[in-house]
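Q: Could you have a look at this structure, given as structure tokens, before my questions?
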Amino acid sequence: MYDFKRDTRFAGIRPFEEKVWLSSPTMHGDEMKYMKEAYETNWMSTVGVNLSEIEKEIAEKVGVKYGVALSSGTAAMHLAVKLAAKRLYGSSTGTHTPSGKGCGGALFGKRVFCSDMTFDATVNPVVYEGGEPVFIDSEYDTWNMSPEALEKAFHIYPDVKLVIFAHLYGVPGKMEAITEICRRHGALLVEDAAESLGASYKGLQTGSFGDYNGISFNGNKIITGSSGGMFLTNHLEDAGKCRKWSTQSREEAPWYQHEEIGYNYRMSNVIAGVVRGQTPYLEEHIQQKKRIYERYQKGLSGLPVCLNPFDGENSEPNYWLTAMLIDKEAMASQVRGEREVLWKTEPGCSTPTEILEALECFHAEGRPVWKPMHMQPIYRNHGFITAKRKECVSSDIFQRGLCLPSDNKMDIKTQERIIDIIYRCFE
């Protein structure tokens with residue numbers, strides 16, 4: 001790694017005494033109260049008051065009828081995909097492969113349109129169920145799935161009946177256009193709102209637009225349980241099915257009776273206590289994150305960069321992570337391999353890698369934006385649809401973008417020092 005401490009551009013910069021995190025949990029004390037309640041009442045497993053309370057509270061906040069608390073956001077996405085497949089193709093237990101060996105999954109052989117720029121937990125559940133992801137390019141307006149590319153994809157693959165959409169870094173996508181396209185083509189929508197709890201589009205919360213929806217309470221999310229997630233729906237029968245599948249599909253019998261495949265996906269009452277203690281502080285966390293975004297916006301205004309954009313008239317992000325995009329003409333040379341990257345300094349220019357390594361050198365954490373799914377080795381041979389023939393938006397954002405330290409405990413002076421480090425990278 002380059003030694004920034006010996007670079008004259010960074011003369012006088014001292015490392016932060018305490019690590020500045022990308023986005024760490026912000027605890028308030030109520031979490032311990034509800035965890036202690038679970039302990040003292042001995043409801044330590046996958047039933048208890050904490051679970052029922054957060055299911056009710058989160059569902060009401062998002063604006064759906066039912067929530068099912070699960071062990072992770074990935075579990076929520078998996079069961080959402082499985083339910084969508086059951087509704088579309090009438091299968092909940094999977095189909096046999098042509099060889100007659102094994103279970104092909106409820107989506108066996110079916111194509112599914114998926115967001116390209118996202119974490120792989122958005123997409124992997126399609127493969128769990130035997131489906132074939134086809135990736136839809138992003139748009140520059142929100143960095144989310146391009147409605148134009150999605151429309152084009154339906155003309156190429158008119159038989160597709162399922163779309164998996166993820167809101168990136170807490171910024172809502174163009175949900176009016178996305179839902180209208182899905183409706184017109186007779187497709188179901190699974191909404192991954194793992195990063196966007198509390199964000200809204202035209203007054204409606206993300207996590208309420210899909211036929212089935214998932215959110216995450218992972219350790220770095222805006223509301224955390226240390227782990228965990230939630231499945232969200234307006235259908236009582238589907239909520240019940242999700243709950244059953246998440247507890248190993250046990251039937252109502254005096255013994256352990258199993259008539260279909262189930263999963264150990266239920267959240268514990270202890271984890272639910274952490275989430276229950278966090279939920280009253282959601283709006284406070286959002287406002288803290290928003291101020292961080294606004295300070296970056298003002299502080300970096302003199303550089304050839306822009307922040308992750310959103311439609312200010314129609315949407316309100318939760319500002320989970322502030323990300324930055326370097327202007328094309330201000331990009332220095334950078335070459336990425338599968339696991340390594342080379343870059344060089346150029347006056348007036350920089351690269352995401354230079355900035356991230358400089359921050360790391362001074363004890364602050366950033367990270368690259370999500371590497372698009374169509375560029376991942378495991379998905380490289382899958383279909384990928386762009387809106388324009390020679391323009392790939394998601395790979396361009398990956399090349400020029402990075403996530404900045406966005407921890408809501410970061411004070412103004414700390415953020416000013418981070419902005420100073422970024423400026424010096426362009427000298």
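Chain labels follow the order of the structure tokens: the first chain is A, the next B, and so on; residue numbering restarts at 1 in every chain, and ligands are counted from 1 in their shown order.
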Find the residues near A:Phe310: any atom within 12 Å, counting only C-alpha atoms, skip ones fewer than 3 places away on the same chain, and give them as a list in words.
A: Glu139, Tyr140, Asp141, Thr142, Trp143, Asn144, His167, Leu168, Tyr169, Gly170, Val171, Pro172, Gly173, Lys174, Ala199, Ser200, Tyr201, Tyr293, Cys306, Leu307, Glu313, Asn314, Ser315, Glu316, Pro317, Asn318, Tyr319, Thr322 and Ala323 of chain A
Q: Those residues you just picked out, can you put them in a file as a short mmCIF file (atom, residue, chain, number, x, y, z; two decimals), in the first residue's frame with C-alpha atoms?
A:
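Once written, again03.cif looks like this:
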data_model
loop_
_atom_site.label_atom_id
_atom_site.label_comp_id
_atom_site.auth_asym_id
_atom_site.auth_seq_id
_atom_site.Cartn_x
_atom_site.Cartn_y
_atom_site.Cartn_z
CA GLU A 139 -29.36 4.65 -14.23
CA TYR A 140 -27.35 7.75 -13.34
CA ASP A 141 -30.36 9.53 -11.77
CA THR A 142 -30.56 7.25 -8.71
CA TRP A 143 -27.91 4.53 -9.34
CA ASN A 144 -30.80 2.05 -9.11
CA HIS A 167 -32.71 0.36 -3.38
CA LEU A 168 -29.02 1.33 -3.30
CA TYR A 169 -27.49 3.00 -0.22
CA GLY A 170 -30.87 4.16 1.06
CA VAL A 171 -31.90 6.00 -2.14
CA PRO A 172 -35.34 5.01 -3.51
CA GLY A 173 -35.58 3.96 -7.12
CA LYS A 174 -38.17 5.23 -9.60
CA ALA A 199 -36.77 6.07 2.90
CA SER A 200 -39.83 7.06 0.88
CA TYR A 201 -40.95 7.62 -2.71
CA TYR A 293 -24.61 13.90 3.47
CA CYS A 306 -20.73 14.51 -7.09
CA LEU A 307 -22.57 12.54 -4.40
CA GLU A 313 -39.08 16.19 -5.66
CA ASN A 314 -40.39 12.65 -5.35
CA SER A 315 -38.16 10.81 -2.90
CA GLU A 316 -36.58 11.16 0.50
CA PRO A 317 -33.62 8.82 1.14
CA ASN A 318 -32.61 7.53 4.53
CA TYR A 319 -29.03 8.63 3.68
CA THR A 322 -22.96 8.82 1.41
CA ALA A 323 -21.23 7.76 -1.80
#
Q: Which parts of stretch 222-264 of chain A does DSSP call strand (DSSP E or B) when run on the backbone here, written out as a PyMOL selection string?
A: chain A and resi 226+228-233+247+250+258+264
Q: Among stretch 176-422 of chain A, which residues does DSSP mark as helix (DSSP H, G or I) when it is run on the backbone? Keep the chain and numbering as in the structure and answer as a VMD selection string.
A: chain A and resid 176 to 184 236 to 246 269 to 299 328 to 330 352 to 361 373 to 375 377 to 379 393 to 400 412 to 422
Q: Using atom CA of A:Gly131 and atom CA of A:Phe108 as the two end points, give the distance in Å to one decimal.
A: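 Taking atom CA of A:Gly131 as the start and atom CA of A:Phe108 as the end point, the length is 5.2 Å.
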Q: Find the residue from A:Met32, A:Ile58, A:Cys392, A:Cys425 that sits nearest to A:Ala332; use only C-alpha atoms when measuring.
A: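 Smallest separation from A:Ala332 among the options: A:Cys425.
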Q: Excluding A:Lys344 and any residue of its chain fewer than 3 positions from it, enumerate the residues within 9 Å of it, using only C-alpha atoms, and give them as a list in words.
A: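 Contacts, with the query itself left out: Ala332, Ser333, Gln334, Ser350, Thr351 and Glu354 of chain A.
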Q: For the residues selected in the previous step, produce a file with N, CA and C atoms as a PDB file, in the first residue's frame.
A:
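As a result, result.pdb now contains:
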ATOM      1  N   ALA A 332      -7.846   9.750 -12.423  1.00  0.00           N
ATOM      2  CA  ALA A 332      -6.475   9.343 -12.728  1.00  0.00           C
ATOM      3  C   ALA A 332      -6.485   7.892 -13.200  1.00  0.00           C
ATOM      4  N   SER A 333      -5.319   7.386 -13.584  1.00  0.00           N
ATOM      5  CA  SER A 333      -5.230   6.022 -14.099  1.00  0.00           C
ATOM      6  C   SER A 333      -5.470   5.015 -12.980  1.00  0.00           C
ATOM      7  N   GLN A 334      -6.322   4.037 -13.256  1.00  0.00           N
ATOM      8  CA  GLN A 334      -6.640   2.988 -12.299  1.00  0.00           C
ATOM      9  C   GLN A 334      -6.979   1.721 -13.078  1.00  0.00           C
ATOM     10  N   SER A 350      -7.778  12.073  -9.228  1.00  0.00           N
ATOM     11  CA  SER A 350      -7.633  11.036  -8.217  1.00  0.00           C
ATOM     12  C   SER A 350      -8.400   9.801  -8.677  1.00  0.00           C
ATOM     13  N   THR A 351      -8.401   8.784  -7.843  1.00  0.00           N
ATOM     14  CA  THR A 351      -9.147   7.553  -8.101  1.00  0.00           C
ATOM     15  C   THR A 351      -9.830   7.120  -6.807  1.00  0.00           C
ATOM     16  N   GLU A 354      -7.196   5.487  -4.541  1.00  0.00           N
ATOM     17  CA  GLU A 354      -6.304   6.417  -3.838  1.00  0.00           C
ATOM     18  C   GLU A 354      -6.999   7.020  -2.625  1.00  0.00           C
TER      19      GLU A 354
END
Q: Using only C-alpha atoms for the distances, tell me which of A:Tyr212, A:Trp245, A:Phe165, A:Tyr281 is nearest to A:Thr26.
A: A:Tyr281
Q: Neighbours of stretch 61-73 of chain A within 8 Å (only C-alpha atoms; same-chain residues fewer than 4 positions away dropped), as an mmCIF file with all heavy atoms, in the first residue's frame?
A:
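Below is the file that was written, result-v3.cif:
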data_model
loop_
_atom_site.group_PDB
_atom_site.id
_atom_site.type_symbol
_atom_site.label_atom_id
_atom_site.label_comp_id
_atom_site.auth_asym_id
_atom_site.auth_seq_id
_atom_site.Cartn_x
_atom_site.Cartn_y
_atom_site.Cartn_z
ATOM 1 N N LEU A 51 -40.499 -10.207 19.554
ATOM 2 C CA LEU A 51 -40.763 -10.568 18.157
ATOM 3 C C LEU A 51 -42.108 -10.020 17.687
ATOM 4 O O LEU A 51 -42.193 -9.389 16.624
ATOM 5 C CB LEU A 51 -40.733 -12.092 17.992
ATOM 6 C CG LEU A 51 -39.346 -12.725 17.945
ATOM 7 C CD1 LEU A 51 -39.434 -14.218 18.225
ATOM 8 C CD2 LEU A 51 -38.692 -12.483 16.597
ATOM 9 N N ILE A 54 -41.942 -6.057 17.335
ATOM 10 C CA ILE A 54 -41.226 -5.465 16.192
ATOM 11 C C ILE A 54 -41.917 -5.791 14.876
ATOM 12 O O ILE A 54 -41.890 -4.990 13.940
ATOM 13 C CB ILE A 54 -39.733 -5.862 16.152
ATOM 14 C CG1 ILE A 54 -39.545 -7.362 15.864
ATOM 15 C CG2 ILE A 54 -39.018 -5.437 17.413
ATOM 16 C CD1 ILE A 54 -38.135 -7.711 15.429
ATOM 17 N N GLU A 55 -42.529 -6.964 14.794
ATOM 18 C CA GLU A 55 -43.273 -7.280 13.571
ATOM 19 C C GLU A 55 -44.404 -6.277 13.350
ATOM 20 O O GLU A 55 -44.644 -5.809 12.234
ATOM 21 C CB GLU A 55 -43.799 -8.710 13.631
ATOM 22 C CG GLU A 55 -42.706 -9.751 13.483
ATOM 23 C CD GLU A 55 -43.205 -11.177 13.629
ATOM 24 O OE1 GLU A 55 -44.302 -11.382 14.181
ATOM 25 O OE2 GLU A 55 -42.475 -12.098 13.197
ATOM 26 N N LYS A 56 -45.071 -5.927 14.440
ATOM 27 C CA LYS A 56 -46.164 -4.957 14.347
ATOM 28 C C LYS A 56 -45.621 -3.554 14.060
ATOM 29 O O LYS A 56 -46.131 -2.845 13.181
ATOM 30 C CB LYS A 56 -46.957 -4.959 15.651
ATOM 31 C CG LYS A 56 -48.124 -3.976 15.666
ATOM 32 C CD LYS A 56 -48.929 -4.082 16.954
ATOM 33 C CE LYS A 56 -48.119 -3.579 18.138
ATOM 34 N NZ LYS A 56 -48.923 -3.548 19.394
ATOM 35 N N GLU A 57 -44.582 -3.141 14.781
ATOM 36 C CA GLU A 57 -44.054 -1.787 14.653
ATOM 37 C C GLU A 57 -43.451 -1.528 13.272
ATOM 38 O O GLU A 57 -43.700 -0.481 12.667
ATOM 39 C CB GLU A 57 -42.995 -1.534 15.730
ATOM 40 C CG GLU A 57 -43.558 -1.427 17.140
ATOM 41 C CD GLU A 57 -42.469 -1.327 18.184
ATOM 42 O OE1 GLU A 57 -41.285 -1.234 17.801
ATOM 43 O OE2 GLU A 57 -42.791 -1.343 19.385
ATOM 44 N N MET A 77 -35.284 -12.269 1.769
ATOM 45 C CA MET A 77 -35.289 -12.277 0.300
ATOM 46 C C MET A 77 -35.513 -13.682 -0.246
ATOM 47 O O MET A 77 -36.230 -13.873 -1.229
ATOM 48 C CB MET A 77 -33.981 -11.697 -0.224
ATOM 49 C CG MET A 77 -33.833 -10.201 -0.013
ATOM 50 S SD MET A 77 -35.154 -9.250 -0.804
ATOM 51 C CE MET A 77 -34.808 -9.612 -2.529
ATOM 52 N N ALA A 194 -33.330 -3.622 2.012
ATOM 53 C CA ALA A 194 -32.382 -3.895 3.096
ATOM 54 C C ALA A 194 -31.649 -2.634 3.539
ATOM 55 O O ALA A 194 -31.390 -2.440 4.731
ATOM 56 C CB ALA A 194 -31.369 -4.948 2.652
ATOM 57 N N LEU A 197 -34.571 1.258 4.830
ATOM 58 C CA LEU A 197 -35.632 1.397 5.821
ATOM 59 C C LEU A 197 -35.783 2.863 6.209
ATOM 60 O O LEU A 197 -34.819 3.528 6.595
ATOM 61 C CB LEU A 197 -35.313 0.551 7.051
ATOM 62 C CG LEU A 197 -36.314 0.649 8.211
ATOM 63 C CD1 LEU A 197 -37.690 0.167 7.782
ATOM 64 C CD2 LEU A 197 -35.803 -0.129 9.417
ATOM 65 N N GLY A 198 -36.998 3.387 6.112
ATOM 66 C CA GLY A 198 -37.257 4.781 6.443
ATOM 67 C C GLY A 198 -37.230 5.720 5.269
ATOM 68 O O GLY A 198 -37.631 6.881 5.386
ATOM 69 N N LEU A 204 -44.683 7.183 0.032
ATOM 70 C CA LEU A 204 -44.797 5.777 0.439
ATOM 71 C C LEU A 204 -43.422 5.223 0.795
ATOM 72 O O LEU A 204 -42.432 5.497 0.112
ATOM 73 C CB LEU A 204 -45.422 4.943 -0.686
ATOM 74 C CG LEU A 204 -46.841 5.343 -1.109
ATOM 75 C CD1 LEU A 204 -47.289 4.498 -2.296
ATOM 76 C CD2 LEU A 204 -47.819 5.192 0.055
ATOM 77 N N GLN A 205 -43.369 4.422 1.844
ATOM 78 C CA GLN A 205 -42.114 3.874 2.318
ATOM 79 C C GLN A 205 -41.593 2.778 1.397
ATOM 80 O O GLN A 205 -42.370 1.962 0.880
ATOM 81 C CB GLN A 205 -42.296 3.292 3.722
ATOM 82 C CG GLN A 205 -42.604 4.322 4.796
ATOM 83 C CD GLN A 205 -41.375 5.071 5.257
ATOM 84 O OE1 GLN A 205 -40.373 4.461 5.629
ATOM 85 N NE2 GLN A 205 -41.445 6.393 5.241
ATOM 86 N N THR A 206 -40.273 2.766 1.199
ATOM 87 C CA THR A 206 -39.680 1.619 0.516
ATOM 88 C C THR A 206 -39.918 0.377 1.362
ATOM 89 O O THR A 206 -39.942 0.437 2.593
ATOM 90 C CB THR A 206 -38.176 1.816 0.272
ATOM 91 O OG1 THR A 206 -37.510 1.974 1.535
ATOM 92 C CG2 THR A 206 -37.926 3.045 -0.596
ATOM 93 N N GLY A 207 -40.100 -0.742 0.697
ATOM 94 C CA GLY A 207 -40.495 -1.961 1.381
ATOM 95 C C GLY A 207 -41.984 -2.203 1.320
ATOM 96 O O GLY A 207 -42.476 -3.206 1.822
ATOM 97 N N SER A 208 -42.705 -1.261 0.673
ATOM 98 C CA SER A 208 -44.156 -1.418 0.534
ATOM 99 C C SER A 208 -44.602 -1.505 -0.925
ATOM 100 O O SER A 208 -45.783 -1.683 -1.195
ATOM 101 C CB SER A 208 -44.884 -0.232 1.192
ATOM 102 O OG SER A 208 -44.652 0.983 0.486
ATOM 103 N N GLY A 214 -38.314 -7.280 1.581
ATOM 104 C CA GLY A 214 -37.397 -7.644 2.647
ATOM 105 C C GLY A 214 -36.586 -6.461 3.117
ATOM 106 O O GLY A 214 -36.250 -5.569 2.329
ATOM 107 N N ILE A 215 -36.288 -6.423 4.431
ATOM 108 C CA ILE A 215 -35.391 -5.424 4.997
ATOM 109 C C ILE A 215 -34.357 -6.133 5.856
ATOM 110 O O ILE A 215 -34.502 -7.315 6.178
ATOM 111 C CB ILE A 215 -36.143 -4.362 5.831
ATOM 112 C CG1 ILE A 215 -36.928 -5.027 6.971
ATOM 113 C CG2 ILE A 215 -37.066 -3.541 4.945
ATOM 114 C CD1 ILE A 215 -37.602 -4.017 7.886
ATOM 115 N N SER A 216 -33.314 -5.388 6.232
ATOM 116 C CA SER A 216 -32.203 -5.972 6.985
ATOM 117 C C SER A 216 -31.953 -5.186 8.263
ATOM 118 O O SER A 216 -32.086 -3.959 8.292
ATOM 119 C CB SER A 216 -30.930 -5.976 6.131
ATOM 120 O OG SER A 216 -29.805 -6.353 6.901
ATOM 121 N N PHE A 217 -31.550 -5.906 9.320
ATOM 122 C CA PHE A 217 -31.113 -5.294 10.566
ATOM 123 C C PHE A 217 -29.659 -5.656 10.853
ATOM 124 O O PHE A 217 -29.229 -5.771 12.003
ATOM 125 C CB PHE A 217 -31.993 -5.764 11.733
ATOM 126 C CG PHE A 217 -33.452 -5.473 11.544
ATOM 127 C CD1 PHE A 217 -34.371 -6.506 11.482
ATOM 128 C CD2 PHE A 217 -33.908 -4.172 11.415
ATOM 129 C CE1 PHE A 217 -35.727 -6.255 11.312
ATOM 130 C CE2 PHE A 217 -35.255 -3.903 11.237
ATOM 131 C CZ PHE A 217 -36.168 -4.943 11.185
ATOM 132 N N ASN A 218 -28.880 -5.846 9.796
ATOM 133 C CA ASN A 218 -27.463 -6.179 9.941
ATOM 134 C C ASN A 218 -26.748 -5.102 10.767
ATOM 135 O O ASN A 218 -27.239 -3.981 10.915
ATOM 136 C CB ASN A 218 -26.827 -6.308 8.556
ATOM 137 C CG ASN A 218 -25.415 -6.821 8.613
ATOM 138 O OD1 ASN A 218 -25.088 -7.667 9.438
ATOM 139 N ND2 ASN A 218 -24.559 -6.298 7.755
ATOM 140 N N SER A 227 -27.885 -8.560 13.859
ATOM 141 C CA SER A 227 -28.197 -9.371 12.675
ATOM 142 C C SER A 227 -29.718 -9.321 12.535
ATOM 143 O O SER A 227 -30.395 -8.619 13.265
ATOM 144 C CB SER A 227 -27.699 -10.809 12.830
ATOM 145 O OG SER A 227 -28.354 -11.441 13.916
ATOM 146 N N GLY A 228 -30.232 -10.080 11.598
ATOM 147 C CA GLY A 228 -31.679 -10.171 11.466
ATOM 148 C C GLY A 228 -32.229 -9.432 10.268
ATOM 149 O O GLY A 228 -31.548 -8.630 9.622
ATOM 150 N N GLY A 229 -33.475 -9.734 9.945
ATOM 151 C CA GLY A 229 -34.173 -9.097 8.839
ATOM 152 C C GLY A 229 -35.662 -9.305 9.009
ATOM 153 O O GLY A 229 -36.112 -9.903 9.994
ATOM 154 N N MET A 230 -36.444 -8.818 8.042
ATOM 155 C CA MET A 230 -37.887 -8.989 8.127
ATOM 156 C C MET A 230 -38.495 -9.108 6.741
ATOM 157 O O MET A 230 -38.133 -8.359 5.820
ATOM 158 C CB MET A 230 -38.542 -7.845 8.885
ATOM 159 C CG MET A 230 -40.002 -8.110 9.247
ATOM 160 S SD MET A 230 -40.730 -6.862 10.351
ATOM 161 C CE MET A 230 -39.812 -7.177 11.856
ATOM 162 N N PHE A 231 -39.400 -10.069 6.618
ATOM 163 C CA PHE A 231 -40.223 -10.241 5.429
ATOM 164 C C PHE A 231 -41.484 -9.406 5.611
ATOM 165 O O PHE A 231 -42.090 -9.412 6.687
ATOM 166 C CB PHE A 231 -40.568 -11.729 5.262
ATOM 167 C CG PHE A 231 -41.624 -12.008 4.235
ATOM 168 C CD1 PHE A 231 -41.307 -12.120 2.894
ATOM 169 C CD2 PHE A 231 -42.953 -12.174 4.622
ATOM 170 C CE1 PHE A 231 -42.289 -12.386 1.949
ATOM 171 C CE2 PHE A 231 -43.934 -12.435 3.694
ATOM 172 C CZ PHE A 231 -43.604 -12.538 2.346
ATOM 173 N N LEU A 232 -41.895 -8.683 4.568
ATOM 174 C CA LEU A 232 -43.044 -7.793 4.635
ATOM 175 C C LEU A 232 -44.010 -8.071 3.490
ATOM 176 O O LEU A 232 -43.583 -8.253 2.344
ATOM 177 C CB LEU A 232 -42.587 -6.328 4.568
ATOM 178 C CG LEU A 232 -41.667 -5.862 5.706
ATOM 179 C CD1 LEU A 232 -40.995 -4.554 5.333
ATOM 180 C CD2 LEU A 232 -42.444 -5.724 7.006
ATOM 181 N N THR A 233 -45.313 -8.100 3.803
ATOM 182 C CA THR A 233 -46.314 -8.375 2.784
ATOM 183 C C THR A 233 -47.677 -7.847 3.237
ATOM 184 O O THR A 233 -47.883 -7.576 4.427
ATOM 185 C CB THR A 233 -46.410 -9.889 2.508
ATOM 186 O OG1 THR A 233 -47.322 -10.134 1.441
ATOM 187 C CG2 THR A 233 -46.871 -10.647 3.745
ATOM 188 N N ASN A 234 -48.592 -7.738 2.299
ATOM 189 C CA ASN A 234 -49.980 -7.386 2.617
ATOM 190 C C ASN A 234 -50.897 -8.602 2.624
ATOM 191 O O ASN A 234 -52.114 -8.458 2.788
ATOM 192 C CB ASN A 234 -50.501 -6.356 1.609
ATOM 193 C CG ASN A 234 -49.943 -4.972 1.878
ATOM 194 O OD1 ASN A 234 -49.917 -4.503 3.014
ATOM 195 N ND2 ASN A 234 -49.468 -4.317 0.833
ATOM 196 N N HIS A 235 -50.320 -9.797 2.443
ATOM 197 C CA HIS A 235 -51.121 -11.014 2.308
ATOM 198 C C HIS A 235 -50.960 -11.898 3.549
ATOM 199 O O HIS A 235 -49.861 -12.384 3.833
ATOM 200 C CB HIS A 235 -50.718 -11.788 1.051
ATOM 201 C CG HIS A 235 -50.763 -10.953 -0.197
ATOM 202 N ND1 HIS A 235 -51.936 -10.541 -0.775
ATOM 203 C CD2 HIS A 235 -49.768 -10.440 -0.953
ATOM 204 C CE1 HIS A 235 -51.671 -9.826 -1.857
ATOM 205 N NE2 HIS A 235 -50.362 -9.740 -1.980
ATOM 206 N N LEU A 236 -52.037 -12.115 4.277
ATOM 207 C CA LEU A 236 -51.999 -12.915 5.504
ATOM 208 C C LEU A 236 -51.521 -14.335 5.229
ATOM 209 O O LEU A 236 -50.705 -14.884 5.977
ATOM 210 C CB LEU A 236 -53.387 -12.937 6.147
ATOM 211 C CG LEU A 236 -53.532 -13.794 7.402
ATOM 212 C CD1 LEU A 236 -52.612 -13.297 8.505
ATOM 213 C CD2 LEU A 236 -54.995 -13.810 7.887
ATOM 214 N N ALA A 239 -47.781 -14.382 4.689
ATOM 215 C CA ALA A 239 -47.065 -14.181 5.953
ATOM 216 C C ALA A 239 -47.042 -15.473 6.764
ATOM 217 O O ALA A 239 -46.011 -15.844 7.346
ATOM 218 C CB ALA A 239 -47.724 -13.059 6.750
ATOM 219 N N CYS A 242 -44.591 -17.909 5.121
ATOM 220 C CA CYS A 242 -43.223 -17.510 5.430
ATOM 221 C C CYS A 242 -42.848 -17.910 6.856
ATOM 222 O O CYS A 242 -41.764 -18.440 7.105
ATOM 223 C CB CYS A 242 -43.079 -15.998 5.244
ATOM 224 S SG CYS A 242 -41.461 -15.345 5.697
ATOM 225 N N ARG A 243 -43.760 -17.682 7.780
ATOM 226 C CA ARG A 243 -43.507 -18.030 9.179
ATOM 227 C C ARG A 243 -43.299 -19.537 9.336
ATOM 228 O O ARG A 243 -42.413 -19.984 10.067
ATOM 229 C CB ARG A 243 -44.679 -17.561 10.041
ATOM 230 C CG ARG A 243 -44.393 -17.459 11.523
ATOM 231 C CD ARG A 243 -45.617 -16.966 12.268
ATOM 232 N NE ARG A 243 -46.075 -15.694 11.763
ATOM 233 C CZ ARG A 243 -45.604 -14.506 12.138
ATOM 234 N NH1 ARG A 243 -44.643 -14.472 13.036
ATOM 235 N NH2 ARG A 243 -46.090 -13.392 11.639
ATOM 236 N N SER A 246 -39.970 -20.636 7.838
ATOM 237 C CA SER A 246 -38.829 -20.152 8.620
ATOM 238 C C SER A 246 -38.598 -20.964 9.890
ATOM 239 O O SER A 246 -37.560 -20.812 10.537
ATOM 240 C CB SER A 246 -39.027 -18.681 8.979
ATOM 241 O OG SER A 246 -40.041 -18.517 9.952
ATOM 242 N N TYR A 265 -34.808 -20.116 9.851
ATOM 243 C CA TYR A 265 -34.676 -18.711 9.498
ATOM 244 C C TYR A 265 -35.319 -17.754 10.499
ATOM 245 O O TYR A 265 -35.294 -16.549 10.296
ATOM 246 C CB TYR A 265 -35.331 -18.459 8.139
ATOM 247 C CG TYR A 265 -34.506 -18.800 6.927
ATOM 248 C CD1 TYR A 265 -35.075 -18.701 5.653
ATOM 249 C CD2 TYR A 265 -33.177 -19.201 7.023
ATOM 250 C CE1 TYR A 265 -34.344 -18.990 4.519
ATOM 251 C CE2 TYR A 265 -32.448 -19.508 5.892
ATOM 252 C CZ TYR A 265 -33.032 -19.397 4.623
ATOM 253 O OH TYR A 265 -32.309 -19.681 3.500
ATOM 254 N N ARG A 266 -35.910 -18.229 11.565
ATOM 255 C CA ARG A 266 -36.637 -17.351 12.471
ATOM 256 C C ARG A 266 -35.665 -16.537 13.325
ATOM 257 O O ARG A 266 -34.630 -17.042 13.775
ATOM 258 C CB ARG A 266 -37.548 -18.180 13.371
ATOM 259 C CG ARG A 266 -38.554 -17.369 14.192
ATOM 260 C CD ARG A 266 -39.652 -16.821 13.332
ATOM 261 N NE ARG A 266 -40.782 -16.371 14.174
ATOM 262 C CZ ARG A 266 -41.320 -15.172 14.122
ATOM 263 N NH1 ARG A 266 -40.847 -14.271 13.266
ATOM 264 N NH2 ARG A 266 -42.343 -14.849 14.888
ATOM 265 N N MET A 267 -36.001 -15.273 13.559
ATOM 266 C CA MET A 267 -35.210 -14.429 14.458
ATOM 267 C C MET A 267 -35.432 -14.850 15.902
ATOM 268 O O MET A 267 -36.505 -15.300 16.275
ATOM 269 C CB MET A 267 -35.630 -12.959 14.285
ATOM 270 C CG MET A 267 -34.840 -11.971 15.140
ATOM 271 S SD MET A 267 -35.513 -10.291 15.087
ATOM 272 C CE MET A 267 -35.035 -9.774 13.450
ATOM 273 N N SER A 268 -34.409 -14.681 16.741
ATOM 274 C CA SER A 268 -34.572 -14.974 18.167
ATOM 275 C C SER A 268 -35.205 -13.787 18.879
ATOM 276 O O SER A 268 -35.089 -12.630 18.440
ATOM 277 C CB SER A 268 -33.219 -15.304 18.808
ATOM 278 O OG SER A 268 -32.534 -14.122 19.153
ATOM 279 N N ALA A 272 -34.505 -9.704 18.565
ATOM 280 C CA ALA A 272 -35.675 -8.836 18.410
ATOM 281 C C ALA A 272 -35.699 -7.747 19.477
ATOM 282 O O ALA A 272 -36.194 -6.636 19.232
ATOM 283 C CB ALA A 272 -36.955 -9.666 18.466
#
Q: Could you give me, as an MDAnalysis selection string, the residues within 12 Å of A:Asp7, counting only C-alpha atoms and dropping anything in the same chain fewer than 3 positions from it?
A: chainID A and resid 2:4 10:13 345 358 361 421 424:425 427
Q: Please provide as an MDAnalysis selection string all residues within 12 Å of A:Glu416, with the sequence filter that same-chain residues fewer than 5 positions apart are discarded (counting only C-alpha atoms).
A: chainID A and resid 292 295:300 405 410:411 421:423
Q: Just write the chosen residues, N, CA and C atoms, as a compact mmCIF listing (two decimals), in the first residue's frame.
A:
# COMPACT_ATOMS: atom_id res chain seq x y z
N ILE A 292 -24.82 14.46 7.65
CA ILE A 292 -23.52 14.00 7.13
C ILE A 292 -23.47 14.18 5.61
N ARG A 295 -23.17 17.90 4.75
CA ARG A 295 -21.84 18.46 5.01
C ARG A 295 -20.84 18.01 3.94
N TYR A 296 -20.95 16.75 3.50
CA TYR A 296 -20.10 16.31 2.38
C TYR A 296 -20.42 17.11 1.12
N GLN A 297 -21.70 17.28 0.87
CA GLN A 297 -22.13 18.00 -0.33
C GLN A 297 -21.54 19.41 -0.36
N LYS A 298 -21.59 20.10 0.76
CA LYS A 298 -21.05 21.45 0.84
C LYS A 298 -19.52 21.44 0.84
N GLY A 299 -18.93 20.54 1.64
CA GLY A 299 -17.49 20.52 1.79
C GLY A 299 -16.73 20.10 0.56
N LEU A 300 -17.34 19.25 -0.28
CA LEU A 300 -16.67 18.74 -1.48
C LEU A 300 -17.06 19.50 -2.74
N PRO A 405 -16.95 7.56 4.71
CA PRO A 405 -17.33 7.32 6.10
C PRO A 405 -18.65 8.03 6.40
N MET A 410 -20.04 10.32 13.92
CA MET A 410 -18.92 11.13 13.46
C MET A 410 -19.23 12.62 13.69
N ASP A 411 -18.35 13.33 14.40
CA ASP A 411 -18.61 14.73 14.67
C ASP A 411 -18.15 15.61 13.51
N ILE A 421 -8.64 15.39 3.71
CA ILE A 421 -7.86 14.28 3.12
C ILE A 421 -8.27 14.06 1.67
N ILE A 422 -9.58 14.10 1.41
CA ILE A 422 -10.06 13.90 0.03
C ILE A 422 -9.54 15.01 -0.88
N TYR A 423 -9.58 16.26 -0.41
CA TYR A 423 -9.04 17.38 -1.20
C TYR A 423 -7.60 17.15 -1.55
